[in-house]
$ cat query07.cif   # mmCIF, C-alpha atoms
data_model
loop_
_atom_site.label_atom_id
_atom_site.label_comp_id
_atom_site.auth_asym_id
_atom_site.auth_seq_id
_atom_site.Cartn_x
_atom_site.Cartn_y
_atom_site.Cartn_z
CA MET A 14 -28.11 21.44 -19.08
CA ARG A 15 -27.22 17.85 -18.14
CA ARG A 16 -24.52 17.73 -20.81
CA LYS A 17 -23.00 20.89 -19.39
CA THR A 18 -23.10 19.47 -15.89
CA ASN A 19 -21.49 16.22 -17.02
CA ALA A 20 -18.78 18.13 -18.89
CA THR A 21 -18.09 20.19 -15.76
CA ILE A 22 -17.80 17.03 -13.63
CA VAL A 23 -15.46 15.42 -16.14
CA ALA A 24 -13.32 18.57 -16.29
CA ARG A 25 -13.10 18.69 -12.50
CA ARG A 26 -12.11 15.02 -12.35
CA LYS A 27 -9.43 15.55 -14.96
CA LEU A 28 -8.12 18.55 -13.04
CA ARG A 29 -7.98 16.57 -9.80
CA HIS A 30 -6.31 13.69 -11.61
CA ARG A 31 -3.66 15.93 -13.11
CA LEU A 32 -3.13 17.68 -9.78
CA GLY A 33 -2.76 14.33 -7.98
CA MET A 34 -0.38 12.99 -10.62
CA GLY A 35 1.64 16.20 -10.52
CA LEU A 36 1.99 16.06 -6.73
CA SER A 37 2.93 12.37 -6.92
CA VAL A 38 5.62 13.03 -9.53
CA LEU A 39 6.89 15.98 -7.48
CA ALA A 40 7.11 13.84 -4.34
CA MET A 41 8.91 11.08 -6.26
CA ALA A 42 11.33 13.57 -7.83
CA THR A 43 12.06 15.11 -4.42
CA GLY A 44 12.80 11.71 -2.91
CA LEU A 45 15.01 10.70 -5.82
CA PHE A 46 16.85 14.00 -5.68
CA PHE A 47 17.83 13.55 -2.04
CA LEU A 48 18.60 9.86 -2.61
CA PHE A 49 21.01 10.58 -5.45
CA TRP A 50 22.46 13.50 -3.50
CA ILE A 51 23.24 11.17 -0.60
CA LEU A 52 24.66 8.50 -2.91
CA TYR A 53 26.76 11.08 -4.76
CA THR A 54 28.19 12.48 -1.51
CA LEU A 55 28.88 8.97 -0.26
CA PHE A 56 30.55 7.98 -3.53
CA VAL A 57 32.73 11.10 -3.76
CA ASN A 58 33.95 10.82 -0.17
CA GLY A 59 34.05 7.04 0.08
CA ILE A 60 35.71 6.06 -3.16
CA GLY A 61 38.91 7.83 -2.15
CA ALA A 62 39.22 5.68 0.97
CA LEU A 63 39.14 2.41 -0.96
CA ASP A 64 42.58 0.88 -1.14
CA TRP A 65 44.26 -2.41 -0.31
CA ALA A 66 45.05 -1.30 3.25
CA LEU A 67 41.35 -0.85 3.96
CA PHE A 68 40.86 -4.61 3.64
CA THR A 69 44.17 -5.83 5.08
CA GLU A 70 44.91 -3.60 8.10
CA THR A 71 43.07 -3.21 11.39
CA THR A 72 41.61 0.02 12.73
CA PRO A 73 44.36 2.45 13.81
CA ALA A 74 44.95 3.74 17.32
CA PRO A 75 44.20 7.41 18.10
CA GLY A 76 46.75 9.67 16.45
CA ASN A 77 48.22 6.96 14.19
CA GLU A 78 48.17 7.33 10.44
CA GLY A 79 46.99 4.71 7.96
CA GLY A 80 45.06 1.68 9.10
CA GLY A 81 42.08 -0.12 7.65
CA LEU A 82 38.84 -1.87 8.50
CA MET A 83 39.79 -5.54 8.24
CA ASN A 84 38.75 -6.38 11.81
CA ALA A 85 35.46 -4.51 11.42
CA LEU A 86 34.70 -6.20 8.10
CA VAL A 87 35.42 -9.66 9.48
CA GLY A 88 33.39 -8.98 12.61
CA THR A 89 30.41 -7.73 10.62
CA VAL A 90 30.49 -10.72 8.28
CA MET A 91 30.75 -13.18 11.17
CA MET A 92 27.85 -11.65 13.10
CA VAL A 93 25.65 -11.38 10.01
CA LEU A 94 26.37 -15.01 9.07
CA ALA A 95 25.60 -16.16 12.62
CA THR A 96 22.39 -14.13 12.60
CA THR A 97 21.37 -15.60 9.25
CA ALA A 98 22.06 -19.14 10.48
CA ILE A 99 19.93 -18.52 13.57
CA THR A 100 16.99 -16.71 12.02
CA THR A 101 16.55 -18.42 8.65
CA PRO A 102 15.27 -21.85 9.82
CA ILE A 103 13.31 -20.38 12.74
CA GLY A 104 11.77 -17.64 10.60
CA ILE A 105 10.79 -19.95 7.74
CA MET A 106 9.26 -22.55 10.06
CA ALA A 107 7.39 -19.86 12.00
CA GLY A 108 6.10 -18.32 8.77
CA LEU A 109 5.02 -21.76 7.60
CA TYR A 110 3.13 -22.33 10.85
CA LEU A 111 1.38 -18.96 10.59
CA ALA A 112 0.36 -19.62 6.99
CA GLU A 113 -1.06 -23.05 7.87
CA TYR A 114 -2.54 -22.48 11.34
CA GLY A 115 -2.29 -18.74 12.00
CA ASP A 116 -5.98 -18.04 11.45
CA ALA A 117 -7.26 -21.20 13.10
CA SER A 118 -5.71 -20.88 16.56
CA LEU A 119 -5.34 -18.24 19.25
CA PHE A 120 -1.61 -18.95 19.51
CA GLY A 121 -1.20 -18.27 15.79
CA ARG A 122 -3.05 -14.95 15.97
CA VAL A 123 -1.05 -13.86 19.02
CA THR A 124 2.18 -14.86 17.25
CA ARG A 125 1.31 -12.84 14.16
CA PHE A 126 0.43 -9.83 16.32
CA THR A 127 3.72 -10.16 18.21
CA VAL A 128 5.68 -10.39 14.96
CA ASP A 129 4.00 -7.21 13.72
CA ILE A 130 4.99 -5.42 16.93
CA MET A 131 8.59 -6.63 16.62
CA LEU A 132 8.76 -5.27 13.07
CA SER A 133 8.25 -1.74 14.38
CA ALA A 134 10.27 -2.08 17.61
CA PRO A 135 13.15 0.44 17.85
CA SER A 136 16.50 -1.30 17.41
CA ILE A 137 17.99 0.47 20.43
CA VAL A 138 15.29 -1.09 22.64
CA ILE A 139 16.22 -4.52 21.29
CA GLY A 140 19.87 -3.81 22.06
CA LEU A 141 19.02 -2.81 25.63
CA PHE A 142 16.91 -5.94 26.00
CA ILE A 143 19.79 -8.24 24.98
CA TYR A 144 22.13 -6.25 27.20
CA ALA A 145 19.85 -6.75 30.20
CA ILE A 146 19.19 -10.47 29.76
CA TYR A 147 22.52 -11.62 28.28
CA VAL A 148 25.41 -9.16 28.46
CA ALA A 149 24.76 -8.12 32.04
CA ASN A 150 24.52 -11.75 33.14
CA ILE A 151 27.70 -13.02 31.47
CA GLY A 152 29.60 -9.89 32.44
CA HIS A 153 31.10 -8.89 29.07
CA PHE A 154 30.23 -7.80 25.55
CA SER A 155 30.49 -10.35 22.75
CA GLY A 156 29.84 -11.08 19.11
CA TRP A 157 27.19 -13.59 20.13
CA ALA A 158 25.31 -10.88 21.98
CA GLY A 159 25.41 -8.75 18.83
CA SER A 160 24.12 -11.68 16.75
CA PHE A 161 21.26 -12.27 19.20
CA ALA A 162 20.26 -8.61 19.00
CA LEU A 163 20.40 -8.64 15.21
CA SER A 164 18.41 -11.89 15.20
CA LEU A 165 15.51 -10.18 16.97
CA ILE A 166 15.51 -7.58 14.19
CA ALA A 167 15.83 -10.01 11.28
CA LEU A 168 13.48 -12.71 12.56
CA PRO A 169 10.15 -10.83 12.17
CA VAL A 170 11.12 -9.77 8.65
CA ILE A 171 11.67 -13.39 7.59
CA VAL A 172 8.55 -14.63 9.39
CA ARG A 173 6.25 -12.00 7.87
CA THR A 174 7.71 -12.31 4.39
CA THR A 175 7.43 -16.12 4.44
CA ASP A 176 3.86 -15.91 5.74
CA ASN A 177 2.83 -13.42 3.04
CA PHE A 178 4.39 -15.37 0.18
CA LEU A 179 2.91 -18.69 1.34
CA ASN A 180 -0.54 -17.12 1.32
CA LEU A 181 -0.07 -16.35 -2.38
CA VAL A 182 0.02 -20.05 -3.28
CA PRO A 183 -3.25 -20.96 -5.08
CA GLN A 184 -5.66 -23.00 -3.00
CA SER A 185 -6.19 -25.31 -5.97
CA LEU A 186 -2.55 -26.44 -5.78
CA ARG A 187 -2.98 -27.49 -2.16
CA GLU A 188 -6.29 -29.21 -2.87
CA ALA A 189 -4.71 -31.20 -5.70
CA ALA A 190 -1.97 -32.40 -3.35
CA PHE A 191 -4.52 -33.35 -0.69
CA ALA A 192 -6.54 -35.22 -3.32
CA LEU A 193 -3.48 -37.34 -4.09
CA GLY A 194 -3.31 -38.37 -0.44
CA ALA A 195 -0.39 -36.20 0.69
CA PRO A 196 -0.40 -35.36 4.42
CA ARG A 197 -0.67 -31.74 5.48
CA TRP A 198 2.94 -31.43 6.64
CA ARG A 199 4.19 -32.67 3.28
CA VAL A 200 1.88 -30.34 1.38
CA ALA A 201 3.12 -27.42 3.47
CA THR A 202 6.83 -28.18 3.10
CA MET A 203 7.17 -29.91 -0.26
CA ILE A 204 4.42 -28.17 -2.24
CA ARG A 205 3.53 -24.84 -0.70
CA LEU A 206 6.98 -23.80 0.51
CA LYS A 207 8.71 -25.04 -2.63
CA ALA A 208 6.37 -22.98 -4.80
CA VAL A 209 7.50 -19.73 -3.16
CA ARG A 210 11.15 -20.52 -2.41
CA ALA A 211 12.31 -17.47 -4.41
CA GLY A 212 10.03 -15.23 -2.36
CA VAL A 213 11.29 -16.75 0.88
CA LEU A 214 14.87 -16.18 -0.29
CA THR A 215 13.91 -12.58 -0.97
CA GLY A 216 12.73 -12.23 2.62
CA VAL A 217 16.02 -13.62 3.94
CA LEU A 218 18.05 -11.23 1.77
CA LEU A 219 15.93 -8.27 2.84
CA ALA A 220 16.44 -9.24 6.48
CA VAL A 221 20.21 -9.41 5.95
CA ALA A 222 20.13 -6.01 4.26
CA ARG A 223 18.13 -4.65 7.19
CA ILE A 224 20.62 -5.74 9.86
CA SER A 225 23.82 -4.95 7.95
CA GLY A 226 23.79 -1.29 8.92
CA GLU A 227 22.32 -1.48 12.43
CA THR A 228 24.42 0.42 14.95
CA ALA A 229 22.36 0.98 18.12
CA PRO A 230 21.90 -2.67 19.17
CA LEU A 231 25.61 -3.40 18.63
CA LEU A 232 26.66 -0.56 20.92
CA PHE A 233 25.06 -2.43 23.83
CA THR A 234 26.05 -5.95 22.81
CA ALA A 235 29.15 -6.45 20.63
CA LEU A 236 30.60 -3.00 21.40
CA ASN A 237 33.89 -2.81 19.47
CA ASN A 238 37.46 -4.11 19.34
CA GLN A 239 40.43 -2.20 17.99
CA PHE A 240 42.28 -5.44 17.29
CA PHE A 241 41.47 -8.37 15.04
CA SER A 242 39.44 -11.05 16.80
CA ALA A 243 37.46 -14.01 15.51
CA ASP A 244 36.25 -14.95 19.01
CA MET A 245 32.49 -14.57 19.05
CA ASN A 246 32.52 -14.72 22.85
CA ALA A 247 34.53 -11.49 23.14
CA PRO A 248 33.95 -7.86 22.14
CA MET A 249 34.03 -7.72 18.36
CA ALA A 250 34.65 -4.93 15.89
CA ASN A 251 31.91 -4.18 13.38
CA LEU A 252 31.46 -1.65 10.61
CA PRO A 253 28.41 0.26 11.93
CA VAL A 254 29.99 1.03 15.32
CA VAL A 255 33.38 1.85 13.78
CA ILE A 256 31.72 4.26 11.36
CA TYR A 257 29.80 5.85 14.23
CA GLN A 258 32.95 6.34 16.31
CA PHE A 259 35.31 7.35 13.50
CA ALA A 260 32.90 9.81 11.86
CA MET A 261 32.85 11.97 15.01
CA SER A 262 36.58 11.77 15.68
CA PRO A 263 39.02 14.69 15.27
CA TYR A 264 41.42 12.58 13.15
CA ASP A 265 41.35 12.96 9.37
CA ASN A 266 42.32 9.34 8.64
CA TRP A 267 39.57 8.08 10.96
CA ARG A 268 36.96 10.17 9.16
CA GLU A 269 38.29 8.92 5.82
CA LEU A 270 37.96 5.32 7.02
CA ALA A 271 34.42 6.11 8.19
CA TRP A 272 33.51 7.25 4.69
CA GLY A 273 35.07 4.10 3.24
CA GLY A 274 33.11 1.90 5.65
CA ALA A 275 29.86 3.73 4.90
CA PHE A 276 30.48 3.26 1.18
CA LEU A 277 31.06 -0.48 1.65
CA ILE A 278 27.90 -0.94 3.73
CA THR A 279 25.82 1.03 1.23
CA LEU A 280 27.24 -0.99 -1.64
CA GLY A 281 26.51 -4.25 0.18
CA VAL A 282 22.95 -3.32 1.13
CA LEU A 283 22.25 -2.06 -2.39
CA GLY A 284 23.62 -5.30 -3.84
CA LEU A 285 21.45 -7.43 -1.54
CA ASN A 286 18.34 -5.45 -2.45
CA ILE A 287 19.06 -5.77 -6.16
CA LEU A 288 19.71 -9.50 -5.74
CA SER A 289 16.41 -9.97 -3.91
CA ARG A 290 14.50 -8.07 -6.60
CA VAL A 291 16.16 -10.12 -9.35
CA ALA A 292 15.34 -13.40 -7.58
CA PHE A 293 11.69 -12.39 -7.13
CA ALA A 294 11.41 -11.11 -10.71
CA ARG A 295 12.68 -14.41 -12.11
CA LYS A 296 10.19 -16.35 -10.00
CA ALA A 297 7.35 -14.08 -11.12
CA ALA A 298 8.38 -14.51 -14.76
CA ASN A 299 8.34 -18.31 -14.40
#

$ encode --input "query07.cif" --output "structure tokens"
Amino acid sequence: MRRKTNATIVARRKLRHRLGMGLSVLAMATGLFFLFWILYTLFVNGIGALDWALFTETTPAPGNEGGGLMNALVGTVMMVLATTAITTPIGIMAGLYLAEYGDASLFGRVTRFTVDIMLSAPSIVIGLFIYAIYVANIGHFSGWAGSFALSLIALPVIVRTTDNFLNLVPQSLREAAFALGAPRWRVATMIRLKAVRAGVLTGVLLAVARISGETAPLLFTALNNQFFSADMNAPMANLPVVIYQFAMSPYDNWRELAWGGAFLITLGVLGLNILSRVAFARKAAN
């Protein structure tokens, strides 16, 4: 009787296991299907818009033929570089502080809680916040305002990633450094941080990938500029906003440029994600 009961329990467990695995595979296949469908549609419509003019001409005026996305590409690159320069040192130092003192002080616990809230904050709310405290006070949109908004999105990603990777460093490594007489600040920066530099780089790349396609905060901060401009203190063209505006336009060449811009952003974000995975995989292998 007991053998029969045990066999029944085992059979039920196997059935549940197979059912769970089947549902998991089905969910994965559904997600991959829609992902490849989106990528296929983007590739088919975007590859036709790629030509030399896309990178050498500015966005066209309404009703004009031709044109490109040079001003939007330059504006996006400038704002992303400015955001990276702002957030990388602050984010790494903040993550280092949380890893060292986050559990031992009230300020550290509040900071970690605030970072977690910022990770889930809607980007449009961040854009409105920068608009209220910066754009409204200086009286005009600007590339700097866009970089500040993007910084508030990228910063918590770098802080949390740095904090998580630093906590993976074995305690024995730190104790060995302390035993040799190294001060805590040197252990944190020269031993602990150096051991996870590939992981920290991964966090920076993921943050850059996260902000590269943000549109909502730039609508309230950098806005747009039909002409080429490298002045960060003036309204600046950027790919996400141009795609948003051109995709809903009645002009065929504008919609074609929107597909080309979407293809470039997707290619860039995909490349950054692959680069971050490769960097982390090499560190894990070592």

$ atom_distance --input "query07.cif" --atom1 "atom CA of Thr228 of chain A" --atom2 "atom CA of Asn77 of chain A"
24.7 Å

$ closest_atom_pairs --input "query07.cif" --of "segment 260-283 of chain A" --to "segment 65-75 of chain A" --cutoff "10 Å" --atoms "all atoms listed in the file" --output "tab-separated table"
residue	atom	partner	partner_atom	distance
A:Ser262	CA	A:Pro75	CA	9.1
A:Pro263	CA	A:Pro75	CA	9.4
A:Tyr264	CA	A:Pro75	CA	7.7
A:Asn266	CA	A:Pro73	CA	8.9
A:Trp267	CA	A:Pro73	CA	7.9
A:Leu270	CA	A:Leu67	CA	7.7
A:Gly273	CA	A:Leu67	CA	8.0
A:Gly274	CA	A:Leu67	CA	8.8

$ atom_distance --input "query07.cif" --atom1 "atom CA of Ile137 of chain A" --atom2 "atom CA of Gly159 of chain A"
11.9 Å

$ closest_residue --input "query07.cif" --among "A:Val87, A:Leu285, A:Leu280, A:Ile146" --to "Leu252 of chain A" --atoms "all atoms listed in the file"
A:Val87

$ residues_near_point --input "query07.cif" --point "(26.8, -9.0, 20.5)" --cutoff "8 Å" --atoms "all atoms listed in the file" --output "ChimeraX atom specification"
/A:92,154-162,231,233-236,248-249

$ closest_residue --input "query07.cif" --among "A:Ile99, A:Ala201, A:Ala40, A:Ala275" --to "Ser164 of chain A" --atoms "only C-alpha atoms"
A:Ile99

$ closest_residue --input "query07.cif" --among "A:Arg173, A:Arg199, A:Arg29, A:Arg268" --to "Ile105 of chain A" --atoms "all atoms listed in the file"
A:Arg173

$ atom_distance --input "query07.cif" --atom1 "atom CA of Glu227 of chain A" --atom2 "atom CA of Val90 of chain A"
13.0 Å

$ closest_residue --input "query07.cif" --among "A:Glu188, A:Ile278, A:Arg26, A:Leu111" --to "Val200 of chain A" --atoms "all atoms listed in the file"
A:Glu188

$ resolve_selection --input "query07.cif" --expression "the PyMOL selection byres ((chain A and resi 115-131) around 12)" --output "NGL selection string"
:A and (104 or 107-114 or 132-136 or 138-139 or 164-177 or 179-180)

$ closest_residue --input "query07.cif" --among "A:Ala211, A:Leu86, A:Ile51, A:Leu232" --to "Ile143 of chain A" --atoms "all atoms listed in the file"
A:Leu232

$ closest_residue --input "query07.cif" --among "A:Thr18, A:Ala260, A:Trp272, A:Arg197" --to "Thr54 of chain A" --atoms "only C-alpha atoms"
A:Trp272

$ resolve_selection --input "query07.cif" --expression "the PyMOL selection byres ((chain A and resi 286-289) around 9)" --output "ChimeraX atom specification"
/A:211-212,214-219,222,281-285,290-294

$ write_last_selection --input "query07.cif" --atoms "C-alpha atoms" --output "CSV table (one decimal), in the coordinates of the input"
chain,number,residue,atom,x,y,z
A,211,ALA,CA,12.3,-17.5,-4.4
A,212,GLY,CA,10.0,-15.2,-2.4
A,214,LEU,CA,14.9,-16.2,-0.3
A,215,THR,CA,13.9,-12.6,-1.0
A,216,GLY,CA,12.7,-12.2,2.6
A,217,VAL,CA,16.0,-13.6,3.9
A,218,LEU,CA,18.0,-11.2,1.8
A,219,LEU,CA,15.9,-8.3,2.8
A,222,ALA,CA,20.1,-6.0,4.3
A,281,GLY,CA,26.5,-4.2,0.2
A,282,VAL,CA,23.0,-3.3,1.1
A,283,LEU,CA,22.2,-2.1,-2.4
A,284,GLY,CA,23.6,-5.3,-3.8
A,285,LEU,CA,21.4,-7.4,-1.5
A,290,ARG,CA,14.5,-8.1,-6.6
A,291,VAL,CA,16.2,-10.1,-9.4
A,292,ALA,CA,15.3,-13.4,-7.6
A,293,PHE,CA,11.7,-12.4,-7.1
A,294,ALA,CA,11.4,-11.1,-10.7

$ resolve_selection --input "query07.cif" --expression "the PyMOL selection byres ((chain A and resi 239) around 7)" --output "PyMOL selection string"
chain A and resi 72+237-238+240-241+250

$ decode --input "query07.cif" --residues "segment 135-155 of chain A" --atoms "N, CA and C atoms" --output "short mmCIF file (atom, residue, chain, number, x, y, z; two decimals), in the first residue's frame"
data_model
loop_
_atom_site.label_atom_id
_atom_site.label_comp_id
_atom_site.auth_asym_id
_atom_site.auth_seq_id
_atom_site.Cartn_x
_atom_site.Cartn_y
_atom_site.Cartn_z
N PRO A 135 8.79 56.68 -12.63
CA PRO A 135 8.49 56.90 -14.06
C PRO A 135 9.38 58.00 -14.63
N SER A 136 9.88 57.78 -15.84
CA SER A 136 10.81 58.75 -16.44
C SER A 136 10.13 60.08 -16.72
N ILE A 137 8.83 60.07 -16.99
CA ILE A 137 8.14 61.33 -17.26
C ILE A 137 8.08 62.20 -16.01
N VAL A 138 7.99 61.56 -14.84
CA VAL A 138 7.99 62.31 -13.58
C VAL A 138 9.35 62.97 -13.37
N ILE A 139 10.41 62.25 -13.71
CA ILE A 139 11.76 62.81 -13.60
C ILE A 139 11.92 63.99 -14.55
N GLY A 140 11.38 63.87 -15.76
CA GLY A 140 11.44 64.98 -16.70
C GLY A 140 10.70 66.21 -16.19
N LEU A 141 9.53 66.00 -15.61
CA LEU A 141 8.76 67.12 -15.04
C LEU A 141 9.50 67.75 -13.86
N PHE A 142 10.19 66.92 -13.09
CA PHE A 142 10.94 67.43 -11.94
C PHE A 142 12.07 68.36 -12.41
N ILE A 143 12.84 67.93 -13.41
CA ILE A 143 13.92 68.77 -13.93
C ILE A 143 13.35 70.01 -14.59
N TYR A 144 12.21 69.87 -15.25
CA TYR A 144 11.58 71.04 -15.86
C TYR A 144 11.22 72.07 -14.79
N ALA A 145 10.68 71.60 -13.66
CA ALA A 145 10.22 72.52 -12.62
C ALA A 145 11.38 73.22 -11.91
N ILE A 146 12.47 72.47 -11.66
CA ILE A 146 13.54 73.07 -10.85
C ILE A 146 14.65 73.69 -11.69
N TYR A 147 14.71 73.36 -12.99
CA TYR A 147 15.81 73.88 -13.81
C TYR A 147 15.31 74.65 -15.03
N VAL A 148 14.54 73.99 -15.89
CA VAL A 148 14.11 74.62 -17.13
C VAL A 148 13.26 75.86 -16.84
N ALA A 149 12.32 75.73 -15.94
CA ALA A 149 11.44 76.86 -15.64
C ALA A 149 12.19 78.03 -15.05
N ASN A 150 13.28 77.76 -14.34
CA ASN A 150 14.04 78.83 -13.70
C ASN A 150 14.98 79.54 -14.67
N ILE A 151 15.58 78.79 -15.60
CA ILE A 151 16.48 79.45 -16.56
C ILE A 151 15.73 79.99 -17.76
N GLY A 152 14.50 79.54 -17.95
CA GLY A 152 13.65 80.12 -18.98
C GLY A 152 13.76 79.52 -20.36
N HIS A 153 14.50 78.42 -20.54
CA HIS A 153 14.60 77.80 -21.87
C HIS A 153 15.02 76.34 -21.72
N PHE A 154 14.71 75.57 -22.76
CA PHE A 154 15.13 74.17 -22.81
C PHE A 154 16.61 74.11 -23.16
N SER A 155 17.25 72.98 -22.82
CA SER A 155 18.69 72.87 -23.11
C SER A 155 19.14 71.42 -23.06
#
